[in-house]
Structures are given as structure tokens and as C-alpha cells.
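Everything on this sheet refers to the single structure shown next.
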Amino acid sequence: MSISIFPIAQSYLLRVKPAVMPLWLTHLGVLGLLSVAVIDSSVIPLPLPGSTDLLLLWLVAHGGDPWLLTLCAIAGSIVGGYTTWQIGRSGGQAAMRHYVPAGLLRRVVSWVERHPVLSVLVPAMLPPPIPLLPFVLASGALDVSRRRFLTVFSAARALRYSLVAWLAVEYGRRLVRIWSGSLQKWSAPLLCVFVGLMVAGVGFGLWKIRSLRKVDAAAKLALYGNVNEPA
């Protein structure tokens, strides 16, 4: 069954609600987009799914350089994705149990084992609500090679963000005119909420990583303890 990317991406753009991307985000610029892209592909949850897509869309629509912004989104996403893959590689099954809901874990593992390329390509290319984190973690935990993962993930992200940037060039100015008049008065409250949620997300992610390390340390202690016990 073939998947048509263009209609999905276009419908995603047209469904964007005015309240999710206030004008203050234009001040984040290239460094802001790079940071959001890294976090968006990592184990640290962001308050808004697809934050990189929306920020890239908004910045390009406001006259930003689409080539530079697209490259920043791709580069940041690759860094975040590789970090997540590495956590899965180091943590194995424990990492997946920590970050992936139990009801989803078995299906993700089965899909990655049967389709190691598609399990990275499809989630990395399609927008929310398609989940990305479980598949990237599983790719690391189930020994999908570093070269294969980076090649497929990078290609998928390049296609996705290039398409988002193109849609922003074609349709972004029309959306900016609609949004600009109604969002200015909500900029400060939305900024506070967004920053608060991002800080909470970063804290939650760091707590998860610390908990995972404790589990690994306990497992190693139990293993070596049993080995050293006299028969």
C-alpha cells in the first residue's frame, strides 16, 4: 500500500489552529528552531506535537531563509534522533519499557523486527499523530545499525522539512495575514505557558533518564552479585 505524503502534509498545514503559533516565536530564529528540532526528536516531550514543523512553517512564512531554516530543522532533528537511538542502544529493553507505553511496546518491537527500514522511515517522515519516539528507541534497542538508521532517518527528515518549507513559501503569507491580527494580545500568556511546559518536559525527560540509569545500575549489581556469590 503506497502512502502519499503531499496530501497528508498539506492537510496538516491547513488544520493548523491560530492559537498554537503566536508572533513571539518569530524571535527564536535559527538557533531557536535548531534547539526545538533537537528536543522534538529526543526523549524529552514537548507540549505541542510537531513543534518543529510549526516553527519552521511560521519562520519561513515570516520571510526567513527557507534553505537555511530547513537545514537547521534537519540537522537538529538528526542530533535528537541519534541521541534517542543511542539511548535505546545503551538501555535495551529497559529503555523501551521506560519510554514506550506497555500497550504499544509489543507492536513496535514486532514492526521493527520485521521492517527495520520502514519502521524508521514512515514515523520520521509523517507528521503527528504518527509516533516517532517508540520506533527510534526500538531501532537502537533491537540493533538496527547506526549507518542504516542515520541514512534512513536523515532522508525522511529532509523530505518532511523540505515539504513543510515549500508549503510555507506557497501558503504561509496567507496564513500570517489571518493570524497576525488576533494573536498579538495573547503573546505574553502563551509565551509563559509554552516556556513552563517546555521546562516541565525537560525536567520530566531528565528524570526519566536518571531513573533508567538507576535501573541499569541495579540490574548490573544484581548480575555481578549473583556471579560472585559462592556456589
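By convention in this document, the chains of the C-alpha cells carry letters A, B, ... by their order, each chain's residues are numbered from 1, and ligands are numbered from 1 in the order they are shown.
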8 Å contact set for segment 69-74 of chain A, only C-alpha atoms, chain neighbours under 4 positions out, as a VMD selection string: chain A and resid 30 33 to 34 37 52 56 59 to 60 64 to 65 78 154 157 to 158 161 to 162 165
Using only C-alpha atoms, which protein or nucleic acid residues come within 7 Å of segment 86-101 of chain A? Drop anything in the same chain fewer than 4 positions from it, and give the result as number ranges by chain. A: 82, 105, 134, 137-138, 140-141, 143, 212
Among the residues A:Leu126, A:Ala75, A:Ala102, A:Leu31, the one that comes closest to Gly50 of chain A [using only C-alpha atoms]: A:Leu126
Quick one: pull the distance between atom CA of Leu167 of chain A and atom CA of Pro66 of chain A, Å, one decimal.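 Straight-line distance from atom CA of Leu167 of chain A to atom CA of Pro66 of chain A works out to 10.5 Å.
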Which residues are close to Asp40 of chain A, i.e. within 9 Å by only C-alpha atoms, leaving aside same-chain residues fewer than 5 positions away? Reply as a list in words.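 The contact residues come out as Ser35, Pro45, Leu46, Pro49, Gly50, Ser51, Thr52, Gly76, Ser77, Gly80 and Gly81 of chain A.
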Between A:Ile44, A:Val120, A:Gly63, A:Arg107, single out the one closest to Arg146 of chain A, counting only C-alpha atoms.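 For Arg146 of chain A, the nearest of the given residues is A:Val120.
Atom pair atom CA of Ala61 of chain A / atom CA of Arg160 of chain A: separated by 16.6 Å.
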